[in-house]
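**Q** Here it is, the structure, as structure tokens.
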Amino acid sequence: QDIAEVPREATVIIENEFGRVAVPDNMNPYIAGQYLDWGMWQATQESLFYLNYESGELIPWLASGNSFNEDKSSVTISIRDGVKWADGTPFTANDVVFTINMLKANPDLQYSFDMQQWVADISAPDDSTVVMNLTRPNPRFVSTYFGVRIWDTILIAPQHIWEGVDPTTFTNYDLEAGLPMGTGAFRLVRSTETEQVYDRRDDWWAAETGFHALPAPQRAIWLGAPGEDLRAALMSNNELDAGWTFSRSTFEVAQSRNPNIVGWTEDLPYAYLDPCPRYLGLNNRAAPFDDREVRWALNAAIDRDVLVAIAYEGMTDPAATLYPTYAPLQAFLDRNAALFEQYDVLGSDMMLIDSVMEGKGYSRDADGLWVDGDGARISFTLVARSSQTDKVRMGNILAEQVRDAGFDASFQPLEDGIFYADVSNGALQAWITDLCGSVSDPYETFSRFHSRFSGPIGESVPGVNASRFENAEYDEVVDAMAVLAASDEGFDDLADQALEIWLRELPGIPLVQARLLTPFNNTYWTNWPSSDNNYIHPGHWWVTGALMLLNIPPAG
Amino acid sequence: MATMSGQARESVVVLAVEGLSIHYEMRAATVRAVDGVDFELRDNEVLGLAGESGSGKSTLALGILRLLRAPGRVVAGSVRFGATDLLALDESALRELRWRQFAYIPQGSMSALNPVMRLQAQFRDTLTAHGERMPRAAMHARFVDVLQGVGLDADLLPRYPHELSGGMRQRVCIAMAMLLGPRLIIADEPTSALDVISQRVVLETLAAARKAIDASMLLIGHDMALLAQVTDRLGIMYAGRLVEMGETGTLFRDARHPYSRRLIASVPDVRARREFQSEAMDSEPQWPLDEPLQEVAAGHFVRPWGGGYDS
Amino acid sequence: MSVDLLTLSDVHKSFSRGYRNRVDALQGVSLSVAAERPQIITIAGESGSGKSTLGMLALGFLSPDAGELRFRGQEIAGLRGQALRDFRQSVQAIFQNPFATFNPVYPVDHVLRLTLRNFSTGAEQASRETRISDALRAMHLDPALVLGKYPHQLSGGQLQRVLLARAFLLRPQLIIADEPVSMIDASLRAVVLANMLELKERHGISWLYITHDLSTARQISDTLLILYRGRIVEAGPMERVLDAPQHPYTQLLIQAIPRPDPTQRWQAPLDWQGDESAETVTAAASGCAFYARCPFRMDRCLEAVPPLLATPADTQAACFLHEPGAARPG
Amino acid sequence: MTPRYLGMRLATFVLTILVASTLNFAISRLTPQDPIAALLGRMASRGRTVENGAEILALYRERLGLDDPLPQQYLNYMGNLLRGDLGYSLAFFPIKAEAVILRALPWTIGLLSVATLLAFTVGNLLGALAVWPRVPAGFRWLVYLSMPFSAVPYYLLALILVYLFALNWSVFPLGGAFTPGSVRGFDLATLGDLLHHATLPVLSVVLAVIGFWALSMRGIMATVLGDDYLIYAQARGLRSRRIFSHYAMRNAMLPQVTALAIDFGRLISGQVLVEIIFNYPGVGWVLYNALRAADFFVIQGVTLFMVFAVALATLILDLIYPLLDPRIRY
Amino acid sequence: MTRRLPRFLTPVMTLGLALLALVLVPGLLGQFVADPEQMRLMAGGINAPPGHDHPLGTQNEGRDLLTYILKGMPNTLLIGLVGGGSAVLLGTVLGMLAGYVGGLLDGVVRNTVDIGLTIPPLAILIMIAASFSIVTPLMMGLVIALTSWMHPTRVIRSQVLSLREREFVLLLRLSGASPLHIVFRELMPNLIPFLAATFVNAVATAILASIGLEVLGLGSFQTPTLGNLIYFAIIGNAMWLGLWWWWLPPIVIFIVLFMGLFFVSTALDTLANPRLEQG
Ligand SMILES: Nc1ncnc2c1ncn2[C@@H]1O[C@H](COP(=O)(O)OP(=O)(O)OP(=O)(O)O)[C@@H](O)[C@H]1O
Ligand SMILES: Nc1ncnc2c1ncn2[C@@H]1O[C@H](COP(=O)(O)OP(=O)(O)OP(=O)(O)O)[C@@H](O)[C@H]1O
Ligand SMILES: [Mg+2]
Ligand SMILES: [Mg+2]
């Protein structure tokens, strides 16, 4: 008998968005590319801070607060009293210092380069204080790296476990020894390819100190569902309490079978706004999209309303920029309404296409497709990762739209291995992708088009600025923004300038906002996050999922 | 067929075939392999059936034994074994009769044994299928007995068929036929693939074994010289019909039907050389085959062919 | 001195069946077919004695393990180009099973035409047709009846004669016929044999007639070779061998031939030691293969293989009984 | 069986593995996929800025030996193989490829062997009975009825099965190998749970291939039916069931058994889709995932395992074949 | 003893051909009557059930499914034909030469085939399909052929091995026929029914393989095929949404097509092996 028996009513079952775990016995969170969103992140670990970016609030958790010095080049983080690792060892500032130093020392670990780049030195004057001196001023340092800005964060390692192991090969997995060791309310009891089981720890520090009550579920299980339809089936059979995403129609059918299934809102769009707008990446260093006017012409060919209506079944909104429309960002965009009149991204204008293209010396051939002076068509393939359903669904529609406008495009989904290889070495012309950049201020998204991430075609670049957009004026503005907090003087002006350049150049074509319909099942557990009860972002696969586990009382 | 039923004879009729017709019915055409054949086989008698290749001899044997495979089908006639109408029997009753009453030595006895089973298992299968329950030792003794009857050693029993030479296999089949002491043995060209020495040994074994159990035998072959050696009576088949039948001696001396005559006349003799008349045979002679057999002498039946009965 | 048409000298051939299991099909056979004088040579012997293997070797379809096969003095294996065509044209064959000798998807004349096309130089289409018709008629076949017919539409005897016609068309000097009549019933058999004889006598074609049916051999052949276990045990003019066999095996063979006469039935069972067992075969491996069954066996038969020795009947027999000074059985 | 044969057979086995692993190596290096770029791309797509991308690329290439010249990589690869080291998984570094594969292996082997044997048995029985004369004519149509299942691609069949049996009627679970969170041990409840979960995956494989077995068995059986030993067995009055099992089937199975080994390999491939649909742990899914992520070492490992499995199956089969067919001797 | 060639049109063959015609006639000719406009985005309502305007309904982009099927079928058939055809062609040439000529050639072919058979086809297929950005039906067919020629080669070789021992081959050699003549003019016609059956099986296998790939998202997206129709039905959750008119028709077409091919190949088997012919 390997694990205790726990009734279904006391178990919460959450979908592992990744589907299946190829290596269920590697729980090392620092390995590059490692995603431990099948419970390790949410159930066994806790973050120093959690960012609620609907509200913009940074919730202190393992830390009790932070303060920057005047020029934002040094930050002090205070550690909460009474926090203990699962084995009873106190969690102290030394664990934080150890973790950051470990990352700096091992260049192939996740976030290693970031820490090398930003942290000049780190020290723990006492057990509950961490002082970090930065190499340059960075007002976003804490929220970016310790607040779960997107998906994950830098998790703190228990020094007494990680000391003396090789962090690049340590698997951090040993159920007997209590690994993975965290401060969270649960501990791992089983990990297989298809299921991860975590049982509640009744000696959780927060319950002992009175910081937070014990979570209601005695057990949390993560399991994979291979497709949307099976996910829907599992949910309507009450075999799943929190699912990965649904398309609108699937959701509606599921809800009609099981009214306990709910979304973010009660009515359309059911979905919440995810911070990764979808856009059409274009290769800015290869013809024909090395010409901003041609990029604009291509933009004019796209009817986003059709994308929204068909690929998203009306569940999202067209996007004019790569910013999610959270309140702080919406304010930024609203401020620049005049710019959007000048650069009408959303307008689809066939006249514009004709005038631009003819001005460039193109003409239409018998099939109505643009040909250059030599009679060669503007032929390109739109690609997307085949595993990303919404982008595949957009692909055919986009190809048809730009074809109607005279661009000889076709659509082809690609496997990850080839998609990324081609994106990073510049072999592609156009690809449908997304950008997870800014959440609370405009800097992050702008930084993704900085020329330091670019490179000549044929040379591998890391895929951040895969468009290979290079503009010295833009770089300058973005560099200036980097050292300023959003509230700092001059920041807004810089942001407005950057937006102007970005819109003028249009290095990529924004398509739609990302709205994800994350379904929850109220049959066994209630109080899932919703638009009315917005205690945390509903993406339960993020590290913030921990807060969800703490906030769901049993139904009835 | 009144002409065939020589009721005068006092000996018991073991097998009576009347008006038996067997057709192979295929989409494109129907082959009338056996066409209205009648004959009787009496107690302790060896009846030979000769005829050219394809004249229906094997088909006839299979038809009597009810072993025909599709598309072969008995379309008319009757086969009586003693008092039983074989064609009317159901499968299980037929199965009871098989081997206990009539045994069969197949034409391809080279390949009649299951290649993946030891001989003793195949012997045992034959016994147990007929409810013979006896201790292993007794069974083994029985096998050794029949094997010795055909001049084979007991140490063959654990062997597989492929470990035996062709002649040995044929003798195993003869031994198998003796296992339950049947009243009738139907042997279809038991020696056609063998050299003359093996041929002779096999036939002599068969004759001795048959005599030992007093069985009758239907012996099919096309080697007239061999048939001359071992049969009491001889039937000549042509195109699915019996064209002549009589005592073997009579037939060799005084064959009437031109086909029989040619068959006998063309058998070469190893002691003498003779002249061939290389007649043209572009079209096979078409004798009328529909007229009933006529008894031209006691026990000698001939099918009229339109010519005179000259000798 | 004229060169023989075909000579086999001390030919050996063995087959391996799987590993370690070897069959010595021929163990030193020599024979020759003269070029100028047509003759019919019969090769007889028990099943598996190597008769067909000999035929295949002589046709160049198998290559010997040891010994020489020569066509007009040239090694057969080395024939190429025109020499090979000459060989093919001069040495033809008729196979045992007439039904398997024609490609079932083509009319029987297909192979006739093909043969002509490949072998006749510059002959006109029209003259080819007449040659085919003539050849068929020579074999007593009506061309109208045969041409365009598929193999399954003809009887075995007819097919056999089409093959004869084909051989006739080519006018080879030698035809190797492996059991050409075994599938045919007695009445047709006579016709085929007569045709063979006619080809020899009228057209000067020699035959290597492979059979185990000595009665038919008697009717047509000039010379008789008896094979036993891959060796020639007796050779000589047909009549002499058959009428006065000198080798004990030949004697037994002839004794076993049934007579087509119900009045002369077998009297006593054949004096036969039974089937060859593994032990006797091993014992005789280095000596006379017939040792195990021989009524006259001597110790020295175990020691050496008897060579072909001249016999009083003017034949040759591979038996130590015919060594000068050996005691002859009565 | 002679040592020599055993040696030869083993040599062939080793050669197969050698050639296959070389091919394996070659094929995966010929694709334009780049596993490290894929890794970084995946990170970028999840909101991580990888500022030092180029360095990480170089670092990983070096660690994994991907920056060596190809011949060197090949030698390393083969050398490691000898030591049973398949290398690191590129997508799941620092986990070893063999760890990834070995974990999935038992599931695949379990599911596959059950499905294969079931399909083999049922399919062959259906096919054999379809031509067995004493079977009601209606039964013959069973074989034809089994064909449409083979016509529907595995994947769809599995989906349809899930919809019918798991979703609409809730007879079987929707996927997985066990009930999530269930307590496991060596007891009946666990076994029952396991079987309950394996039913649909097995069924979809079985239904999809049963028809093919039935079809080829039907053909073989029809040939066997005319064989002399069947007629002879019937003549001896053997019971029909005995003839069917020990005479007909026993012989007709021989060629099918050979096909089984080859089919085993094909089934492994087919398994991929089934494992995805049923969320069943196994090698198929590992392979699929590795192919998508260009995880060379895992791909090589899985393919090699498949090659090994099939080659081993063939080897074992060849070695035991003489037991099945006593005519075969090595 | 007469050997008869059964007449070509047996009942099973007729049934098979009729089923094939049911699929092939609309499949091959329908594309000429289908209106390409109907295949465009929002040519009709979204997910409309079969009705007057759209006999087979529409899918989630409002494309008319009947038109999609009519346009897609020729491509799917092309994949099958190219895949099965080139596999059998290669298999025939290699198998025949290896079987007849023997020696070194045979050794090489036999070992290549044996090794090839052990390598799982799907692995190679996925690898190749994943490596090319654009997959046309023609390429798809060739890729499939690459992994499926071994089986035909193997069976054809063994057929030739048994045929070449037949006496008529020896007679042909005696008649001065060249090996090439014997293999392709004499042996080949004997194997026609067998080759046809092999071909039919290979086509079926190729279509199945291509659907497997397309369902994994590795197919052609430029051109409509039944495989990508199913792929889109799956990612569009057609079954869950109850859109039977989307996923069922292609399956029915496959069943009819395969049953047709199956009956034809059974009938051809019977031609090649008369013992199968029975009541
Ligand atoms: N299974 C079958 N299907 C169709 N026709 C058959 C079948 N078996 C035999 N025939 C035909 O029936 C006829 C008689 O065949 P059968 O085997 O009885 O002749 P046979 O006298 O025994 O010949 P042989 O001396 O060659 O053994 C022949 O024309 C043969 O072609
Ligand atoms: N291709 C072969 N492979 C293996 N063994 C063979 C082969 N051909 C012949 N043999 C064996 O060689 C020996 C001689 O065979 P061959 O066919 O020459 O005999 P035969 O005298 O023609 O016999 P039969 O009278 O039965 O036709 C036999 O033991 C035979 O089994
Ligand atoms: Mg017969
Ligand atoms: Mg022979």
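How things are named: the first chain in the structure tokens is A, the next is B, and so on; residues count from 1 in each chain; ligands count from 1 in the order shown.
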Dump the neighbourhood of ligand 1 as a PDB file with C-alpha atoms, in the first residue's frame: all residues within 7 Å, distances computed on only C-alpha atoms and all ligand atoms.
**A**
```pdb
ATOM      1  CA  TYR B  24     -16.748 -30.276 -60.094  1.00  0.00           C
ATOM      2  CA  VAL B  31     -16.230 -30.909 -64.975  1.00  0.00           C
ATOM      3  CA  ARG B  32     -18.062 -34.186 -65.040  1.00  0.00           C
ATOM      4  CA  ALA B  33     -15.268 -36.068 -63.367  1.00  0.00           C
ATOM      5  CA  GLY B  51      -7.526 -45.354 -66.928  1.00  0.00           C
ATOM      6  CA  GLU B  52      -5.662 -42.370 -68.134  1.00  0.00           C
ATOM      7  CA  SER B  53      -4.726 -39.525 -65.953  1.00  0.00           C
ATOM      8  CA  GLY B  54      -7.754 -37.361 -65.275  1.00  0.00           C
ATOM      9  CA  SER B  55     -10.300 -40.027 -66.059  1.00  0.00           C
ATOM     10  CA  GLY B  56     -11.848 -39.629 -62.617  1.00  0.00           C
ATOM     11  CA  LYS B  57     -10.330 -42.477 -60.643  1.00  0.00           C
ATOM     12  CA  SER B  58      -9.315 -40.464 -57.615  1.00  0.00           C
ATOM     13  CA  THR B  59     -12.541 -38.535 -57.694  1.00  0.00           C
ATOM     14  CA  LEU B  60     -14.448 -41.771 -57.657  1.00  0.00           C
ATOM     15  CA  ARG B  69     -13.853 -31.117 -51.368  1.00  0.00           C
ATOM     16  CA  ALA B  70     -15.726 -28.263 -52.924  1.00  0.00           C
ATOM     17  CA  PRO B  71     -16.350 -27.699 -55.745  1.00  0.00           C
ATOM     18  CA  GLY B  72     -16.686 -31.466 -56.086  1.00  0.00           C
ATOM     19  CA  HIS B 222      -2.575 -46.525 -64.288  1.00  0.00           C
TER      20      HIS B 222
ATOM     21  CA  MET E   1      -6.384 -32.191 -65.587  1.00  0.00           C
ATOM     22  CA  THR E   2      -7.467 -28.841 -66.834  1.00  0.00           C
TER      23      THR E   2
END
```
**Q** Can you tell me which residues surround region 178-194 of chain E at a distance of at most 9 Å, considering only C-alpha atoms, apart from same-chain residues fewer than 5 positions away, and format the answer as a list of chain:residue names?
**A**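 Listed by chain and then number, they are C:Asn103, C:Pro104, C:Val105, C:Tyr106, E:Thr92, E:Val93, E:Met96, E:Leu97, E:Tyr100, E:Val101, E:Ile156, E:Gln159, E:Val160, E:Leu163, E:Arg164, E:Val169, E:Leu172, E:Arg173, E:Phe199, E:Ser265, E:Leu268, E:Asp269, E:Thr270, E:Leu271, E:Ala272, E:Asn273.
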**Q** Measure the distance from CA of Ala124 (chain A) to CA of Glu46 (chain A) in Å and round it to one decimal.
**A**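 Answer for the CA of Ala124 (chain A) to CA of Glu46 (chain A) separation: 19.9 Å.
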**Q** Please check which protein, DNA or RNA residues sit within 9 Å of ligand 2, counting only C-alpha atoms and all ligand atoms, and write them as a VMD selection string.
**A** (chain B and resid 193 to 195) or (chain C and resid 13 to 17 22 to 26 44 to 56 96 178 to 179 210 to 212 227 to 230)
**Q** Mind running chain B against chain C at 6 Å and telling me each contacting residue's nearest atom pair with the distance in Å (one decimal), counting only C-alpha atoms, chain and number ascending, as a Markdown table?
**A**
```
| residue | atom | partner | partner_atom | distance |
| --- | --- | --- | --- | --- |
| B:Glu52 | CA | C:Asp185 | CA | 5.0 |
| B:Asp195 | CA | C:Glu46 | CA | 5.4 |
| B:Val196 | CA | C:Ile257 | CA | 5.9 |
| B:Ile197 | CA | C:Ala256 | CA | 5.3 |
| B:Ala225 | CA | C:Pro260 | CA | 3.6 |
| B:Leu226 | CA | C:Pro258 | CA | 5.7 |
| B:Ala228 | CA | C:Pro262 | CA | 4.6 |
| B:Gln229 | CA | C:Arg265 | CA | 5.1 |
| B:Gly249 | CA | C:Pro262 | CA | 5.6 |
| B:Arg262 | CA | C:Ser187 | CA | 5.9 |
| B:Leu263 | CA | C:Ser187 | CA | 5.1 |
| B:Ser266 | CA | C:Ser187 | CA | 5.3 |
| B:Val267 | CA | C:Ala186 | CA | 6.0 |
| B:Pro268 | CA | C:Ser215 | CA | 5.5 |
| B:Asp269 | CA | C:Ser215 | CA | 5.2 |
| B:Val270 | CA | C:Ser215 | CA | 3.9 |
| B:Arg273 | CA | C:Gln219 | CA | 4.9 |
| B:Phe276 | CA | C:Ala194 | CA | 5.9 |
| B:Ser278 | CA | C:Val191 | CA | 5.3 |
| B:Ala280 | CA | C:His140 | CA | 5.2 |
| B:Asp282 | CA | C:Leu141 | CA | 5.6 |
```
